[in-house]
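S.K.: Sharing a structure below in structure tokens format, with a few things to ask.
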Amino acid sequence: MRFMMVVKATTDSEAGVMPSLELLSAMQKYNEELAKAGVLLAADGLHPSSGGIRFSYPEPGGKPKVTDGPFTEAKEIIAGYTLIEVKSREEAIEWALRMPDPHGFGQGEIELRQVFEAEDLTDDPEALANEAALRKRVEEQKRT
Amino acid sequence: MSLADSRRTIDTIWRMESAKLIAGLTRMVRDVGLAEDLAHDALVVALERWPETGIPDKPGAWLMTTAKRRAIDYLRRNKLRDRKYEELSRNIDLYTEEDNERAAAEGEVGDDLLRLIFMTCHPKLSQEARVALTLRLLCGLTTEEIARSFLAAEATVAQRIVRAKKTLSAEKVPFEVPEGEDLRERMSSVLEVIYLMFNEGYSATAGDRWTRPLLCQEALRLGRVLAEIVPDEPEAHGLVALLEIQSSRLKARIGPEGEPILLMDQNRAQWDRLLIRRGLAALERCRKLGRPLGPYALQAAIAACHAQAPAAADTDWVRIAALYEALSRITPSPIVELNKAVAISMAFGPEFALQIVDELISVPALQDYHLFPSVRGDLLAKLGRHKEAQAEFERAASMTRNARERELMQNRAAECEAQAAIGGD
């Protein structure tokens with residue numbers, strides 16, 4: 001199972017203020033721990049939203065509305081993410097708990113989200129059968 | 001937190017920490033069986049206490065401290081008053097949670113894990129025993145999970161593990177990282193165990209399921225761990241590269257009815273780009289070490305050729321044929337020859353490839369290998385010799401133990417029969 005630990009933006013990250021050395025080294029240590037456990041898939045930090053562009057679709061079927069950053073509401077903005085591959089939801093939670101507070105001044109927030117994957121990779125015969133049935137239905141709908 | 005929730009959390013922490021615990025304890029007591037028991041004891045204590053006290057901040061360090069204290073109690077109880085015990089009891093205050101954290105920070109944990117994997121992959125053990133013991137101690141799988149993965153009876157697997165632990169103990173297999181020439185050989189045994197584990201999962205040799213994902217996942221995870229603890233070992237990166245790229249195709253190789261889809265027919269949009277990228281990066285790490293590519297790195301390089309081709313028709317078969325040639329020089333085997341023939345057929349045409357395959361006809365190692373008639377059948381079909389091809393596919397169908405694969409071979413035989421009827425061959 002894949003999970004994404006989404007690190008939310010803060011006033012500092014949005015202002016382009018680099019985290020303290022202490023925090024950087026704690027984060028690096030944590031990433032090493034993930035790698036040594038064989039669960040780390042990818043980890044990246046994002047530039048502040050001031051360089052970002054937002055494409056929204058206020059009118060269904062209409063053209064997108066293009067807005068330049070920065071965007072307000074830091075907590076709705078993503079500052080980085082860490083993608084992990086684990087055996088269970090509990091394991092993902094455990095890893096998320098071990099991530100250092102990503103900002104350290106009361107604004108730190110990590111959101112744990114499961115990555116959507118087809119259930120092809122299961123050992124469970126029932127799930128496999130359900131998946132096959134679903135795909136068959138989709139195929140039939142396509143034909144009609 | 002409900003009791004069931006905390007039970008699940010503790011179980012998860014156990015799975016995450018058990019290999020490190022067992023490795024650290026084996027260093028103390030020099031016996032994996034005993035180390036595993038002591039680690040379990042610590043788990044039992046956690047199961048009693050944590051639901052009341054809550055999960056400690058550093059659960060891994062807590063478990064290690066508890067287990068090490070247990071180890072000292074055990075040694076004391078059994079009056080094993082040898083030097084080891086003296087030493088341990090003098091340092092008894094050392095086993096604090098801070099101490100265990102420091103050990104983790106200084107890389108001692110990685111060293112212990114490495115020693116443990118050298119032990120569970122020891123040549124004194126049979127191949128089956130190595131795989132089972134590694135899954136049990138390094139991957140933290142239960143006996144039941146291992147049995148399920150290998151379609152074996154739980155009792156058989158349990159016995160295999162018990163015997164393996166006894167053998168290690170009786171043979172006094174040391175808890176160490178081998179040196180010199182020994183290291184190379186032992187490392188290749190470790191890599192082989194991970195590779196076998198993956199292959200067992202990737203292409204189940206029996207049963208009607210084409211893949212058994214649990215084993216693939218465990219092998220990939222363990223491979224990644226190994227590459228981190230022996231970063232200077234090119235073949236560890238080579239193996240990881242191979243497994244990442246193979247794993248990238250797991251979803252694409254099974255059709256909606258559970259039928260296998262061969263590499264060339266797979267929908268490449270379904271390949272996992274992230275795993276491909278990780279595989280290519282691992283191969284790059286391997287190359288950067290500046291040593292000649294070993295067998296795993298060469299296989300990874302071949303897999304990378306496929307991964308980098310946007311469509312099947314874009315495959316660089318000339319390069320793949322050359323890589324197989326290099327592979328057959330360092331690990332000569334009829335199976336590598338057979339694969340080389342396939343690449344040559346794609347690069348230079350089926351006539352030339354059939355010559356190579358026909359030279360292999362009497363090789364004993366290929367007599368029971370179902371892919372041999374399957375490859376030969378494919379070449380014959382390409383040359384328009386449908387009746388001969390049909391016979392080969394039928395032979396392949398009768399040889400494979402995988403029900404899905406049998407079906408595939410039977411279908412190809414039927415196609416050839418139809419072609420022969422049309423073409424008058």
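Letters for chains follow the order of the structure tokens (A, B, ...), residue numbers begin at 1 for each chain, and ligand numbers begin at 1 in the order shown.
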For a quick test of understanding: name the residues of chain B lying within 7 Å of chain A when counting only C-alpha atoms, and present them as a ChimeraX atom specification.

M.R.: /B:9,12,212-213,221-222,224-225,228,251,256-257

S.K.: Grab the residues selected above and save them as a PDB file, in the first residue's frame with C-alpha atoms.

M.R.:
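Writing the result to out_16.pdb gives the following:
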```pdb
ATOM      1  CA  THR B   9      -0.784  -0.826  16.500  1.00  0.00           C
ATOM      2  CA  THR B  12       2.501  -3.086  13.413  1.00  0.00           C
ATOM      3  CA  ARG B 212       1.985 -13.864  -5.396  1.00  0.00           C
ATOM      4  CA  PRO B 213       2.492 -10.229  -4.536  1.00  0.00           C
ATOM      5  CA  ARG B 221      11.672  -4.132   0.545  1.00  0.00           C
ATOM      6  CA  LEU B 222      14.503  -6.336   1.794  1.00  0.00           C
ATOM      7  CA  ARG B 224      16.114  -1.834  -0.665  1.00  0.00           C
ATOM      8  CA  VAL B 225      17.187  -2.332   2.947  1.00  0.00           C
ATOM      9  CA  GLU B 228      21.157   0.947   2.074  1.00  0.00           C
ATOM     10  CA  LYS B 251      -0.140  -4.696 -12.720  1.00  0.00           C
ATOM     11  CA  PRO B 256      -8.980  -8.840 -16.467  1.00  0.00           C
ATOM     12  CA  GLU B 257      -9.680 -12.567 -16.221  1.00  0.00           C
TER      13      GLU B 257
END
```

S.K.: When you look at A:Asp101 with a cut-off of 10 Å (counting only C-alpha atoms), what residues show up, excluding the ones that are within fewer than 2 positions of it in the same chain? I need them as a PyMOL selection string.

M.R.: chain A and resi 7+23+26-27+97-99+103-110

S.K.: Hey, can you spit out that residue selection with all heavy atoms as a compact mmCIF listing (two decimals), in the first residue's frame?

M.R.:
```txt
# COMPACT_ATOMS: atom_id res chain seq x y z
N VAL A 7 3.02 17.39 3.57
CA VAL A 7 3.40 18.43 4.53
C VAL A 7 2.79 19.75 4.06
O VAL A 7 3.01 20.18 2.93
CB VAL A 7 4.94 18.54 4.64
CG1 VAL A 7 5.32 19.73 5.52
CG2 VAL A 7 5.52 17.25 5.21
N LEU A 23 16.25 21.43 12.03
CA LEU A 23 15.08 20.79 11.45
C LEU A 23 15.46 20.02 10.18
O LEU A 23 15.01 18.90 9.95
CB LEU A 23 14.04 21.87 11.13
CG LEU A 23 12.62 21.37 10.99
CD1 LEU A 23 12.18 20.67 12.26
CD2 LEU A 23 11.70 22.52 10.67
N ALA A 26 17.10 16.86 11.16
CA ALA A 26 16.13 15.90 11.70
C ALA A 26 15.35 15.25 10.56
O ALA A 26 15.09 14.05 10.56
CB ALA A 26 15.18 16.59 12.66
N MET A 27 15.01 16.06 9.57
CA MET A 27 14.24 15.56 8.44
C MET A 27 15.08 14.59 7.61
O MET A 27 14.61 13.56 7.15
CB MET A 27 13.78 16.75 7.58
CG MET A 27 12.52 16.52 6.79
SD MET A 27 11.19 15.75 7.71
CE MET A 27 10.00 17.06 7.84
N LEU A 97 3.71 9.36 12.46
CA LEU A 97 3.96 9.83 13.83
C LEU A 97 5.44 10.09 14.07
O LEU A 97 5.80 10.91 14.90
CB LEU A 97 3.46 8.78 14.83
CG LEU A 97 1.95 8.76 15.09
CD1 LEU A 97 1.57 7.51 15.87
CD2 LEU A 97 1.53 10.01 15.85
N ARG A 98 6.28 9.35 13.35
CA ARG A 98 7.71 9.49 13.56
C ARG A 98 8.33 10.65 12.77
O ARG A 98 9.48 10.99 12.97
CB ARG A 98 8.43 8.19 13.19
CG ARG A 98 8.07 7.04 14.13
CD ARG A 98 8.82 5.78 13.78
NE ARG A 98 8.29 4.66 14.57
CZ ARG A 98 8.84 3.46 14.61
NH1 ARG A 98 9.94 3.21 13.93
NH2 ARG A 98 8.30 2.49 15.34
N MET A 99 7.57 11.21 11.86
CA MET A 99 8.11 12.34 11.09
C MET A 99 8.28 13.53 12.03
O MET A 99 7.39 13.82 12.83
CB MET A 99 7.19 12.71 9.92
CG MET A 99 7.81 13.80 9.02
SD MET A 99 6.64 14.48 7.82
CE MET A 99 7.04 13.53 6.37
N HIS A 103 7.81 22.04 10.79
CA HIS A 103 8.11 23.46 10.81
C HIS A 103 8.59 23.96 12.17
O HIS A 103 9.47 24.79 12.25
CB HIS A 103 6.91 24.27 10.33
CG HIS A 103 6.54 23.91 8.92
ND1 HIS A 103 7.32 24.27 7.85
CD2 HIS A 103 5.51 23.19 8.42
CE1 HIS A 103 6.76 23.78 6.74
NE2 HIS A 103 5.67 23.13 7.05
N GLY A 104 8.00 23.43 13.23
CA GLY A 104 8.54 23.70 14.55
C GLY A 104 8.12 24.98 15.23
O GLY A 104 8.72 25.38 16.19
N PHE A 105 7.10 25.65 14.71
CA PHE A 105 6.66 26.84 15.46
C PHE A 105 5.13 26.89 15.55
O PHE A 105 4.52 27.95 15.51
CB PHE A 105 7.23 28.13 14.87
CG PHE A 105 6.94 28.34 13.40
CD1 PHE A 105 5.84 29.08 13.01
CD2 PHE A 105 7.77 27.77 12.43
CE1 PHE A 105 5.56 29.26 11.66
CE2 PHE A 105 7.49 27.95 11.09
CZ PHE A 105 6.39 28.70 10.69
N GLY A 106 4.55 25.71 15.70
CA GLY A 106 3.12 25.68 15.95
C GLY A 106 2.25 25.58 14.71
O GLY A 106 1.05 25.36 14.81
N GLN A 107 2.88 25.71 13.53
CA GLN A 107 2.08 25.62 12.31
C GLN A 107 2.24 24.29 11.57
O GLN A 107 1.63 24.08 10.54
CB GLN A 107 2.45 26.77 11.36
CG GLN A 107 1.94 28.11 11.81
CD GLN A 107 2.20 29.19 10.76
OE1 GLN A 107 2.52 28.91 9.61
NE2 GLN A 107 2.06 30.43 11.16
N GLY A 108 3.12 23.44 12.11
CA GLY A 108 3.41 22.18 11.42
C GLY A 108 2.16 21.32 11.26
O GLY A 108 1.38 21.15 12.19
N GLU A 109 1.97 20.80 10.05
CA GLU A 109 0.83 19.92 9.82
C GLU A 109 1.17 18.91 8.73
O GLU A 109 1.65 19.28 7.65
CB GLU A 109 -0.39 20.74 9.40
CG GLU A 109 -1.67 19.93 9.43
CD GLU A 109 -2.91 20.80 9.21
OE1 GLU A 109 -3.22 21.64 10.08
OE2 GLU A 109 -3.55 20.65 8.16
N ILE A 110 0.94 17.64 9.06
CA ILE A 110 1.18 16.58 8.09
C ILE A 110 -0.16 15.90 7.85
O ILE A 110 -0.89 15.62 8.79
CB ILE A 110 2.17 15.53 8.64
CG1 ILE A 110 3.50 16.17 9.03
CG2 ILE A 110 2.41 14.41 7.63
CD1 ILE A 110 4.31 15.33 9.99
```

S.K.: Find the residues around stretch 409-413 of chain B up to 6 Å (only C-alpha atoms counted), leave out those fewer than 5 positions away in its own chain, and share them as a PDB file with N, CA and C atoms, in the first residue's frame.

M.R.:
```pdb
ATOM      1  N   GLN B 390       3.072 -26.024 -33.358  1.00  0.00           N
ATOM      2  CA  GLN B 390       1.949 -26.522 -32.574  1.00  0.00           C
ATOM      3  C   GLN B 390       2.414 -27.611 -31.605  1.00  0.00           C
ATOM      4  N   PHE B 393       4.279 -26.065 -28.684  1.00  0.00           N
ATOM      5  CA  PHE B 393       3.412 -25.405 -27.705  1.00  0.00           C
ATOM      6  C   PHE B 393       2.642 -26.434 -26.875  1.00  0.00           C
ATOM      7  N   GLU B 394       2.262 -27.518 -27.524  1.00  0.00           N
ATOM      8  CA  GLU B 394       1.555 -28.565 -26.773  1.00  0.00           C
ATOM      9  C   GLU B 394       2.483 -29.177 -25.725  1.00  0.00           C
ATOM     10  N   ALA B 397       2.754 -26.792 -22.907  1.00  0.00           N
ATOM     11  CA  ALA B 397       1.541 -26.813 -22.085  1.00  0.00           C
ATOM     12  C   ALA B 397       1.565 -27.995 -21.124  1.00  0.00           C
TER      13      ALA B 397
END
```

S.K.: Taking only C-alpha atoms into account, which of B:Leu141, B:Leu21, B:Leu196, B:Leu408 comes nearest B:Asp112?

M.R.: B:Leu21

S.K.: Report, in Å to a single decimal, how far apart atom CA of A:Glu14 and atom CA of A:Ser50 are.

M.R.: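 Spanning atom CA of A:Ser50 to atom CA of A:Glu14 is a straight-line distance of 7.4 Å.
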
S.K.: For stretch 297-311 of chain B, list every protein, DNA or RNA residue within 6 Å, evaluated using only C-alpha atoms, and leave out those in the same chain fewer than 6 positions away; present the list as a ChimeraX atom specification.

M.R.: /B:238,241-242,320

S.K.: Counting only C-alpha atoms, what is within 12 Å of A:Thr72, bar same-chain residues fewer than 6 positions away, as a PDB file with N, CA and C atoms, in the first residue's frame?

M.R.:
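Output file selection16.pdb follows:
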```
ATOM      1  N   ALA A   9       1.909  23.813   3.977  1.00  0.00           N
ATOM      2  CA  ALA A   9       2.719  25.032   3.975  1.00  0.00           C
ATOM      3  C   ALA A   9       2.488  25.840   5.256  1.00  0.00           C
ATOM      4  N   THR A  10       3.426  26.716   5.562  1.00  0.00           N
ATOM      5  CA  THR A  10       3.287  27.635   6.695  1.00  0.00           C
ATOM      6  C   THR A  10       3.622  29.035   6.196  1.00  0.00           C
ATOM      7  N   THR A  11       3.468  30.009   7.066  1.00  0.00           N
ATOM      8  CA  THR A  11       3.826  31.376   6.654  1.00  0.00           C
ATOM      9  C   THR A  11       5.298  31.428   6.246  1.00  0.00           C
ATOM     10  N   GLU A  14       5.913  29.610   2.883  1.00  0.00           N
ATOM     11  CA  GLU A  14       5.355  30.438   1.820  1.00  0.00           C
ATOM     12  C   GLU A  14       6.212  31.669   1.558  1.00  0.00           C
ATOM     13  N   ALA A  15       6.902  32.137   2.605  1.00  0.00           N
ATOM     14  CA  ALA A  15       7.767  33.309   2.440  1.00  0.00           C
ATOM     15  C   ALA A  15       9.145  32.907   1.921  1.00  0.00           C
ATOM     16  N   PRO A  48       7.608  27.830  -2.898  1.00  0.00           N
ATOM     17  CA  PRO A  48       6.428  28.538  -2.367  1.00  0.00           C
ATOM     18  C   PRO A  48       5.385  28.763  -3.467  1.00  0.00           C
ATOM     19  N   SER A  49       4.148  28.942  -3.035  1.00  0.00           N
ATOM     20  CA  SER A  49       3.061  29.059  -4.013  1.00  0.00           C
ATOM     21  C   SER A  49       3.150  30.365  -4.812  1.00  0.00           C
ATOM     22  N   SER A  50       4.045  31.284  -4.401  1.00  0.00           N
ATOM     23  CA  SER A  50       4.194  32.530  -5.174  1.00  0.00           C
ATOM     24  C   SER A  50       4.616  32.235  -6.604  1.00  0.00           C
ATOM     25  N   GLY A  52       3.598  29.497  -8.114  1.00  0.00           N
ATOM     26  CA  GLY A  52       2.627  28.529  -8.619  1.00  0.00           C
ATOM     27  C   GLY A  52       1.531  29.178  -9.441  1.00  0.00           C
ATOM     28  N   ARG A  54      -2.628  28.516 -10.558  1.00  0.00           N
ATOM     29  CA  ARG A  54      -3.804  27.701 -10.249  1.00  0.00           C
ATOM     30  C   ARG A  54      -4.747  27.707 -11.459  1.00  0.00           C
ATOM     31  N   ILE A  78       0.309  22.950  -0.257  1.00  0.00           N
ATOM     32  CA  ILE A  78       1.244  21.865   0.019  1.00  0.00           C
ATOM     33  C   ILE A  78       2.675  22.403  -0.059  1.00  0.00           C
TER      34      ILE A  78
END
```
